[in-house]
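Asker: Sharing coords-v3.cif (mmCIF, C-alpha atoms) below.
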```cif
data_input
#
loop_
_atom_site.group_PDB
_atom_site.id
_atom_site.type_symbol
_atom_site.label_atom_id
_atom_site.label_comp_id
_atom_site.auth_asym_id
_atom_site.auth_seq_id
_atom_site.Cartn_x
_atom_site.Cartn_y
_atom_site.Cartn_z
ATOM 1 C CA MET A 830 0.000 0.000 0.000
ATOM 2 C CA GLU A 831 1.383 3.400 -0.959
ATOM 3 C CA LYS A 832 1.534 5.578 2.120
ATOM 4 C CA THR A 833 2.369 9.203 2.539
ATOM 5 C CA VAL A 834 1.486 9.987 6.127
ATOM 6 C CA GLU A 835 0.727 7.800 9.099
ATOM 7 C CA SER A 836 -0.210 8.091 12.742
ATOM 8 C CA GLU A 837 -0.229 5.641 15.625
ATOM 9 C CA ARG A 838 -3.347 3.774 14.457
ATOM 10 C CA LEU A 839 -3.813 5.001 10.880
ATOM 11 C CA VAL A 840 -2.074 4.891 7.548
ATOM 12 C CA PHE A 841 -3.120 7.304 4.820
ATOM 13 C CA ARG A 842 -2.943 6.492 1.136
ATOM 14 C CA LYS A 843 -4.002 8.314 -1.976
ATOM 15 C CA LEU A 844 -7.538 7.679 -3.100
ATOM 16 C CA LYS A 845 -8.138 5.662 -6.255
ATOM 17 C CA LYS A 846 -11.167 5.350 -8.526
ATOM 18 C CA GLU A 847 -11.615 1.856 -7.091
ATOM 19 C CA ASP A 848 -12.364 3.388 -3.671
ATOM 20 C CA PHE A 849 -15.779 4.577 -4.875
ATOM 21 C CA ASP A 850 -17.774 1.937 -2.961
ATOM 22 C CA THR A 851 -15.697 2.357 0.196
ATOM 23 C CA ILE A 852 -16.092 6.131 0.415
ATOM 24 C CA SER A 853 -19.721 6.033 -0.726
ATOM 25 C CA VAL A 854 -20.638 4.435 2.598
ATOM 26 C CA PHE A 855 -20.009 7.684 4.458
ATOM 27 C CA LEU A 856 -20.226 10.308 1.695
ATOM 28 C CA LYS A 857 -23.820 9.241 1.006
ATOM 29 C CA ALA A 858 -24.830 9.354 4.692
ATOM 30 C CA PRO A 859 -26.798 12.556 5.450
ATOM 31 C CA ASP A 860 -25.852 12.496 9.154
ATOM 32 C CA VAL A 861 -22.146 12.273 8.255
ATOM 33 C CA MET A 862 -22.410 14.900 5.511
ATOM 34 C CA TYR A 863 -24.585 17.370 7.419
ATOM 35 C CA ALA A 864 -21.901 20.054 7.027
ATOM 36 C CA TRP A 865 -22.572 19.817 3.266
ATOM 37 C CA GLY A 866 -26.340 19.880 3.858
ATOM 38 C CA HIS A 867 -27.001 16.457 2.307
ATOM 39 C CA GLY A 868 -25.646 13.001 1.662
ATOM 40 C CA PHE A 869 -24.030 12.743 -1.737
ATOM 41 C CA SER A 870 -25.546 11.004 -4.740
ATOM 42 C CA ASP A 871 -23.473 8.553 -6.812
ATOM 43 C CA GLU A 872 -22.680 11.374 -9.225
ATOM 44 C CA GLU A 873 -21.553 13.680 -6.401
ATOM 45 C CA VAL A 874 -19.329 10.950 -4.925
ATOM 46 C CA ARG A 875 -17.701 10.532 -8.371
ATOM 47 C CA GLU A 876 -17.247 14.308 -8.703
ATOM 48 C CA TRP A 877 -15.748 14.523 -5.196
ATOM 49 C CA LEU A 878 -13.390 11.634 -5.928
ATOM 50 C CA ASP A 879 -12.361 13.104 -9.306
ATOM 51 C CA LYS A 880 -11.749 16.508 -7.689
ATOM 52 C CA ASN A 881 -9.403 14.922 -5.159
ATOM 53 C CA LEU A 882 -7.564 12.903 -7.819
ATOM 54 C CA LYS A 883 -7.028 16.196 -9.688
ATOM 55 C CA ARG A 884 -5.747 17.825 -6.474
ATOM 56 C CA TYR A 885 -3.010 15.169 -6.281
ATOM 57 C CA GLU A 886 -1.913 16.187 -9.791
ATOM 58 C CA ASP A 887 -2.121 19.922 -9.088
ATOM 59 C CA ASN A 888 -0.794 20.131 -5.508
ATOM 60 C CA GLY A 889 0.425 16.688 -4.516
ATOM 61 C CA TYR A 890 -2.103 16.538 -1.705
ATOM 62 C CA ALA A 891 -5.835 16.084 -1.184
ATOM 63 C CA PHE A 892 -8.036 13.859 0.938
ATOM 64 C CA PHE A 893 -6.465 10.442 1.571
ATOM 65 C CA LEU A 894 -8.114 7.202 2.586
ATOM 66 C CA ALA A 895 -7.546 6.705 6.324
ATOM 67 C CA VAL A 896 -7.058 3.002 7.045
ATOM 68 C CA ASN A 897 -6.812 1.403 10.481
ATOM 69 C CA LYS A 898 -3.431 -0.365 10.614
ATOM 70 C CA GLN A 899 -4.723 -3.317 12.666
ATOM 71 C CA THR A 900 -8.131 -4.010 11.129
ATOM 72 C CA GLN A 901 -7.602 -2.544 7.628
ATOM 73 C CA ASP A 902 -10.995 -0.807 8.021
ATOM 74 C CA ALA A 903 -11.434 2.448 6.102
ATOM 75 C CA VAL A 904 -12.086 4.923 8.920
ATOM 76 C CA GLY A 905 -12.776 7.805 6.529
ATOM 77 C CA THR A 906 -10.903 10.335 4.459
ATOM 78 C CA MET A 907 -8.478 12.906 5.815
ATOM 79 C CA GLY A 908 -5.898 15.167 4.341
ATOM 80 C CA ILE A 909 -4.399 18.524 3.633
ATOM 81 C CA ILE A 910 -6.005 20.419 0.792
ATOM 82 C CA TYR A 911 -5.061 23.617 -0.995
ATOM 83 C CA ASN A 912 -8.450 25.299 -0.915
ATOM 84 C CA GLU A 913 -10.113 28.666 -1.223
ATOM 85 C CA ILE A 914 -11.562 29.742 2.103
ATOM 86 C CA ASP A 915 -13.530 32.978 2.098
ATOM 87 C CA GLY A 916 -11.691 34.315 -0.945
ATOM 88 C CA ARG A 917 -8.176 33.332 0.187
ATOM 89 C CA TRP A 918 -6.209 30.277 -0.962
ATOM 90 C CA ARG A 919 -4.684 28.392 1.948
ATOM 91 C CA TRP A 920 -3.676 24.947 3.088
ATOM 92 C CA GLU A 921 -6.483 23.337 5.029
ATOM 93 C CA ILE A 922 -6.827 20.183 7.121
ATOM 94 C CA GLY A 923 -10.004 18.271 6.362
ATOM 95 C CA TYR A 924 -11.577 14.995 7.375
ATOM 96 C CA ILE A 925 -14.768 13.036 6.859
ATOM 97 C CA LEU A 926 -15.152 9.989 9.086
ATOM 98 C CA ASP A 927 -17.452 7.034 8.751
ATOM 99 C CA LYS A 928 -19.927 7.433 11.625
ATOM 100 C CA ARG A 929 -18.913 4.026 13.027
ATOM 101 C CA PHE A 930 -15.603 5.628 14.012
ATOM 102 C CA TRP A 931 -16.833 8.875 15.559
ATOM 103 C CA GLY A 932 -15.805 9.622 19.132
ATOM 104 C CA GLN A 933 -12.695 7.417 19.024
ATOM 105 C CA GLY A 934 -10.066 10.140 18.558
ATOM 106 C CA TYR A 935 -9.421 9.438 14.877
ATOM 107 C CA ALA A 936 -10.196 12.983 13.709
ATOM 108 C CA ARG A 937 -7.691 14.525 16.092
ATOM 109 C CA GLU A 938 -5.095 11.836 15.434
ATOM 110 C CA GLY A 939 -5.339 12.238 11.657
ATOM 111 C CA ALA A 940 -5.480 16.028 11.759
ATOM 112 C CA LYS A 941 -2.377 16.091 13.974
ATOM 113 C CA ALA A 942 -0.524 13.756 11.592
ATOM 114 C CA PHE A 943 -1.296 16.015 8.629
ATOM 115 C CA LEU A 944 -0.521 19.159 10.614
ATOM 116 C CA ASP A 945 2.881 17.761 11.626
ATOM 117 C CA HIS A 946 3.481 16.697 8.014
ATOM 118 C CA ALA A 947 2.605 20.175 6.749
ATOM 119 C CA PHE A 948 5.023 21.858 9.152
ATOM 120 C CA THR A 949 7.917 19.405 8.892
ATOM 121 C CA LYS A 950 7.761 17.932 5.371
ATOM 122 C CA MET A 951 5.915 20.545 3.303
ATOM 123 C CA GLY A 952 7.480 23.656 4.844
ATOM 124 C CA ILE A 953 4.107 25.275 5.484
ATOM 125 C CA ASP A 954 3.949 27.817 8.327
ATOM 126 C CA GLU A 955 0.164 28.154 8.625
ATOM 127 C CA VAL A 956 -2.720 25.702 8.271
ATOM 128 C CA ALA A 957 -6.430 26.435 8.405
ATOM 129 C CA PHE A 958 -9.576 24.535 9.286
ATOM 130 C CA GLN A 959 -12.950 25.693 7.973
ATOM 131 C CA ILE A 960 -15.614 24.329 10.267
ATOM 132 C CA ARG A 961 -19.385 24.623 10.182
ATOM 133 C CA ASP A 962 -20.503 26.788 13.117
ATOM 134 C CA SER A 963 -22.656 23.954 14.473
ATOM 135 C CA ASN A 964 -19.836 21.368 14.400
ATOM 136 C CA ILE A 965 -18.674 21.632 18.000
ATOM 137 C CA ALA A 966 -16.699 18.360 17.865
ATOM 138 C CA SER A 967 -14.519 19.596 14.970
ATOM 139 C CA GLN A 968 -14.047 22.958 16.669
ATOM 140 C CA LYS A 969 -12.703 21.093 19.713
ATOM 141 C CA VAL A 970 -10.369 19.067 17.478
ATOM 142 C CA ALA A 971 -8.939 22.246 15.933
ATOM 143 C CA GLU A 972 -8.556 23.944 19.312
ATOM 144 C CA SER A 973 -6.853 20.856 20.805
ATOM 145 C CA LEU A 974 -4.211 21.200 18.073
ATOM 146 C CA GLY A 975 -3.534 24.837 18.944
ATOM 147 C CA ALA A 976 -5.746 26.432 16.294
ATOM 148 C CA CYS A 977 -7.474 29.708 17.121
ATOM 149 C CA ARG A 978 -10.664 30.967 15.578
ATOM 150 C CA GLU A 979 -9.669 33.903 13.380
ATOM 151 C CA GLY A 980 -12.790 34.589 11.407
ATOM 152 C CA ALA A 981 -16.166 33.538 10.150
ATOM 153 C CA TYR A 982 -17.919 33.613 6.825
ATOM 154 C CA ILE A 983 -20.969 32.331 5.022
ATOM 155 C CA ARG A 984 -20.298 29.537 2.552
ATOM 156 C CA HIS A 985 -22.908 29.268 -0.188
ATOM 157 C CA TYR A 986 -23.393 25.640 -1.154
ATOM 158 C CA TYR A 987 -26.228 23.492 -2.426
ATOM 159 C CA GLY A 988 -28.630 26.438 -2.317
ATOM 160 C CA GLU A 989 -27.955 27.120 1.330
ATOM 161 C CA ASP A 990 -26.058 29.734 3.344
ATOM 162 C CA MET A 991 -23.801 27.830 5.728
ATOM 163 C CA PRO A 992 -22.012 29.745 8.499
ATOM 164 C CA HIS A 993 -18.407 28.571 8.949
ATOM 165 C CA TYR A 994 -15.589 29.475 11.305
ATOM 166 C CA ILE A 995 -12.000 29.768 10.149
ATOM 167 C CA TYR A 996 -9.468 28.327 12.565
ATOM 168 C CA VAL A 997 -5.738 28.813 12.010
ATOM 169 C CA VAL A 998 -2.693 27.183 13.566
ATOM 170 C CA ARG A 999 0.831 28.447 12.941
ATOM 171 C CA LYS A 1000 4.140 26.615 13.175
#
```
Would you give me this structure, written as structure tokens?
Answerer:
Amino acid sequence: MEKTVESERLVFRKLKKEDFDTISVFLKAPDVMYAWGHGFSDEEVREWLDKNLKRYEDNGYAFFLAVNKQTQDAVGTMGIIYNEIDGRWRWEIGYILDKRFWGQGYAREGAKAFLDHAFTKMGIDEVAFQIRDSNIASQKVAESLGACREGAYIRHYYGEDMPHYIYVVRK
């Protein structure tokens, strides 16, 4: 398995087209994807996957499949993404976890692994998190990694205005 980043319990590898069924489990789940306002359709899962494959070509990074080292279960997707946040391009940590793995520390563990990678291997001095205002768990993850809330904005997506906070952590 090609790996780029790993943590104590997880190994992260680039997504492949063949991961469609694996990631569909959580990308189609409305309760997992509430920050997007809906569970994805098959077409939206394909678009999301294609967008991340393109990000590998453009930036070298995107969401990666997070795999439990012991069980080989796909816990979710996590990564560092070059993304526009409220009109400014920045490196961002992102994660989407299968609901079966919520509350087990995987989000923090993966985010920390990518944050450390960004600072030590990529030479990045600042990383952002954009978090839906109602996502208290992700806000706590960002804060536990030393990120401070530095702004807020409204993200327009899927016909909805979605308030988001911008958290930033510096090297």
Asker: What do you get, as a PyMOL selection string, if you spell out every residue that the PyMOL selection byres ((chain A and resi 910-927) around 6) selects here?
Answerer: chain A and resi 855+891+904-909+928-930+956-958
Asker: Out of A:Leu839, A:Asp990, A:Val970, A:Arg978, which residue has the shortest atom-to-atom distance to Gln899 in chain A when counting all atoms listed in the file?
Answerer: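 Looking at the shortest contact to Gln899 in chain A, the residue is A:Leu839.
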Asker: Taking (-26.6, 20.9, 11.9) in the coordinates of the supplied file, I want to know which residues reach to within 12 Å of it, counting only C-alpha atoms; could you give the answer as an MDAnalysis selection string?
Answerer: chainID A and resid 859:867 960:966 991:993
Asker: What separation in Å, quoted to one decimal, exists between CA of Phe869 in chain A and CA of Asp850 in chain A?
Answerer: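 Between CA of Phe869 in chain A and CA of Asp850 in chain A the gap works out to 12.5 Å.
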Asker: Considering all atoms listed in the file, return as a JSON list (two decimals) with C-alpha atoms, keeping the file's coordinate frame whatever protein or nucleic-acid residues lie within 9 Å of Val874 in chain A, sequence-local ones (same chain, fewer than 3 positions apart) excluded.
Answerer:
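So the final result, stored in out.json, reads:
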```
[["chain", "number", "residue", "atom", "x", "y", "z"],
["A", 849, "PHE", "CA", -15.78, 4.58, -4.88],
["A", 852, "ILE", "CA", -16.09, 6.13, 0.42],
["A", 853, "SER", "CA", -19.72, 6.03, -0.73],
["A", 856, "LEU", "CA", -20.23, 10.31, 1.70],
["A", 857, "LYS", "CA", -23.82, 9.24, 1.01],
["A", 869, "PHE", "CA", -24.03, 12.74, -1.74],
["A", 870, "SER", "CA", -25.55, 11.00, -4.74],
["A", 871, "ASP", "CA", -23.47, 8.55, -6.81],
["A", 877, "TRP", "CA", -15.75, 14.52, -5.20],
["A", 878, "LEU", "CA", -13.39, 11.63, -5.93],
["A", 879, "ASP", "CA", -12.36, 13.10, -9.31]]
```
Asker: Which is closest to Lys846 in chain A among A:Lys883, A:Phe943, A:Val834, A:Val998, if we use all atoms listed in the file?
Answerer: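 With all atoms listed in the file as the atom set, the closest residue is A:Lys883.
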Asker: Considering only C-alpha atoms, return as a PyMOL selection string whatever protein or nucleic-acid residues lie within 8 Å of Cys977 in chain A, sequence-local ones (same chain, fewer than 4 positions apart) excluded.
Answerer: chain A and resi 971-972+996-998
Asker: By how many Å are CA of Tyr994 in chain A and CA of Tyr982 in chain A apart?
Answerer: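 We find that CA of Tyr994 in chain A and CA of Tyr982 in chain A lie 6.5 Å from each other.
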Asker: Is it possible to get the residues within 9 Å of (-8.6, 4.2, 8.3) (coordinates as in the file, counting only C-alpha atoms) written as a list in words?
Answerer: Arg838, Leu839, Val840, Phe841, Leu894, Ala895, Val896, Asn897, Lys898, Thr900, Gln901, Asp902, Ala903, Val904, Gly905, Thr906, Leu926 and Tyr935 of chain A
Asker: Dump C-alpha atoms for the selected residues as a tab-separated table (two decimals), keeping the file's coordinate frame?
Answerer:
```tsv
chain	number	residue	atom	x	y	z
A	838	ARG	CA	-3.35	3.77	14.46
A	839	LEU	CA	-3.81	5.00	10.88
A	840	VAL	CA	-2.07	4.89	7.55
A	841	PHE	CA	-3.12	7.30	4.82
A	894	LEU	CA	-8.11	7.20	2.59
A	895	ALA	CA	-7.55	6.70	6.32
A	896	VAL	CA	-7.06	3.00	7.04
A	897	ASN	CA	-6.81	1.40	10.48
A	898	LYS	CA	-3.43	-0.36	10.61
A	900	THR	CA	-8.13	-4.01	11.13
A	901	GLN	CA	-7.60	-2.54	7.63
A	902	ASP	CA	-11.00	-0.81	8.02
A	903	ALA	CA	-11.43	2.45	6.10
A	904	VAL	CA	-12.09	4.92	8.92
A	905	GLY	CA	-12.78	7.80	6.53
A	906	THR	CA	-10.90	10.34	4.46
A	926	LEU	CA	-15.15	9.99	9.09
A	935	TYR	CA	-9.42	9.44	14.88
```
Asker: From the block I gave, I'd like range 888-910 of chain A written with N, CA and C atoms, as a PDB file, in the first residue's frame.
Answerer:
```
ATOM      1  N   ASN A 888      -1.461  19.694  -6.742  1.00  0.00           N
ATOM      2  CA  ASN A 888      -0.794  20.131  -5.508  1.00  0.00           C
ATOM      3  C   ASN A 888      -0.034  19.038  -4.783  1.00  0.00           C
ATOM      4  N   GLY A 889      -0.218  17.797  -5.203  1.00  0.00           N
ATOM      5  CA  GLY A 889       0.425  16.688  -4.516  1.00  0.00           C
ATOM      6  C   GLY A 889      -0.344  16.161  -3.319  1.00  0.00           C
ATOM      7  N   TYR A 890      -1.342  16.895  -2.897  1.00  0.00           N
ATOM      8  CA  TYR A 890      -2.103  16.538  -1.705  1.00  0.00           C
ATOM      9  C   TYR A 890      -3.591  16.713  -1.960  1.00  0.00           C
ATOM     10  N   ALA A 891      -4.376  16.023  -1.131  1.00  0.00           N
ATOM     11  CA  ALA A 891      -5.835  16.084  -1.184  1.00  0.00           C
ATOM     12  C   ALA A 891      -6.333  15.276   0.013  1.00  0.00           C
ATOM     13  N   PHE A 892      -7.564  14.822  -0.045  1.00  0.00           N
ATOM     14  CA  PHE A 892      -8.036  13.859   0.938  1.00  0.00           C
ATOM     15  C   PHE A 892      -7.367  12.520   0.628  1.00  0.00           C
ATOM     16  N   PHE A 893      -7.037  11.772   1.670  1.00  0.00           N
ATOM     17  CA  PHE A 893      -6.465  10.442   1.571  1.00  0.00           C
ATOM     18  C   PHE A 893      -7.395   9.468   2.271  1.00  0.00           C
ATOM     19  N   LEU A 894      -7.353   8.222   1.887  1.00  0.00           N
ATOM     20  CA  LEU A 894      -8.114   7.202   2.586  1.00  0.00           C
ATOM     21  C   LEU A 894      -7.384   6.901   3.895  1.00  0.00           C
ATOM     22  N   ALA A 895      -8.104   6.997   4.997  1.00  0.00           N
ATOM     23  CA  ALA A 895      -7.546   6.705   6.324  1.00  0.00           C
ATOM     24  C   ALA A 895      -7.892   5.264   6.674  1.00  0.00           C
ATOM     25  N   VAL A 896      -6.863   4.427   6.819  1.00  0.00           N
ATOM     26  CA  VAL A 896      -7.058   3.002   7.045  1.00  0.00           C
ATOM     27  C   VAL A 896      -6.481   2.614   8.403  1.00  0.00           C
ATOM     28  N   ASN A 897      -7.275   1.901   9.201  1.00  0.00           N
ATOM     29  CA  ASN A 897      -6.812   1.403  10.481  1.00  0.00           C
ATOM     30  C   ASN A 897      -5.732   0.352  10.235  1.00  0.00           C
ATOM     31  N   LYS A 898      -4.567   0.532  10.845  1.00  0.00           N
ATOM     32  CA  LYS A 898      -3.431  -0.365  10.614  1.00  0.00           C
ATOM     33  C   LYS A 898      -3.722  -1.799  11.045  1.00  0.00           C
ATOM     34  N   GLN A 899      -4.469  -1.968  12.133  1.00  0.00           N
ATOM     35  CA  GLN A 899      -4.723  -3.317  12.666  1.00  0.00           C
ATOM     36  C   GLN A 899      -5.822  -4.037  11.905  1.00  0.00           C
ATOM     37  N   THR A 900      -6.952  -3.343  11.699  1.00  0.00           N
ATOM     38  CA  THR A 900      -8.131  -4.010  11.129  1.00  0.00           C
ATOM     39  C   THR A 900      -8.248  -3.851   9.620  1.00  0.00           C
ATOM     40  N   GLN A 901      -7.512  -2.902   9.043  1.00  0.00           N
ATOM     41  CA  GLN A 901      -7.602  -2.544   7.628  1.00  0.00           C
ATOM     42  C   GLN A 901      -8.946  -1.902   7.269  1.00  0.00           C
ATOM     43  N   ASP A 902      -9.735  -1.512   8.278  1.00  0.00           N
ATOM     44  CA  ASP A 902     -10.995  -0.807   8.021  1.00  0.00           C
ATOM     45  C   ASP A 902     -10.709   0.600   7.516  1.00  0.00           C
ATOM     46  N   ALA A 903     -11.500   1.055   6.545  1.00  0.00           N
ATOM     47  CA  ALA A 903     -11.434   2.448   6.102  1.00  0.00           C
ATOM     48  C   ALA A 903     -12.214   3.271   7.118  1.00  0.00           C
ATOM     49  N   VAL A 904     -11.498   4.097   7.867  1.00  0.00           N
ATOM     50  CA  VAL A 904     -12.086   4.923   8.920  1.00  0.00           C
ATOM     51  C   VAL A 904     -12.764   6.152   8.311  1.00  0.00           C
ATOM     52  N   GLY A 905     -12.253   6.617   7.187  1.00  0.00           N
ATOM     53  CA  GLY A 905     -12.776   7.805   6.529  1.00  0.00           C
ATOM     54  C   GLY A 905     -11.750   8.356   5.565  1.00  0.00           C
ATOM     55  N   THR A 906     -11.888   9.641   5.282  1.00  0.00           N
ATOM     56  CA  THR A 906     -10.903  10.335   4.459  1.00  0.00           C
ATOM     57  C   THR A 906     -10.390  11.530   5.253  1.00  0.00           C
ATOM     58  N   MET A 907      -9.114  11.781   5.127  1.00  0.00           N
ATOM     59  CA  MET A 907      -8.478  12.906   5.815  1.00  0.00           C
ATOM     60  C   MET A 907      -7.367  13.428   4.919  1.00  0.00           C
ATOM     61  N   GLY A 908      -7.013  14.674   5.120  1.00  0.00           N
ATOM     62  CA  GLY A 908      -5.898  15.167   4.341  1.00  0.00           C
ATOM     63  C   GLY A 908      -5.634  16.637   4.516  1.00  0.00           C
ATOM     64  N   ILE A 909      -4.720  17.101   3.702  1.00  0.00           N
ATOM     65  CA  ILE A 909      -4.399  18.524   3.633  1.00  0.00           C
ATOM     66  C   ILE A 909      -4.672  18.953   2.198  1.00  0.00           C
ATOM     67  N   ILE A 910      -5.468  19.996   2.079  1.00  0.00           N
ATOM     68  CA  ILE A 910      -6.005  20.419   0.792  1.00  0.00           C
ATOM     69  C   ILE A 910      -5.664  21.887   0.569  1.00  0.00           C
TER      70      ILE A 910
END
```
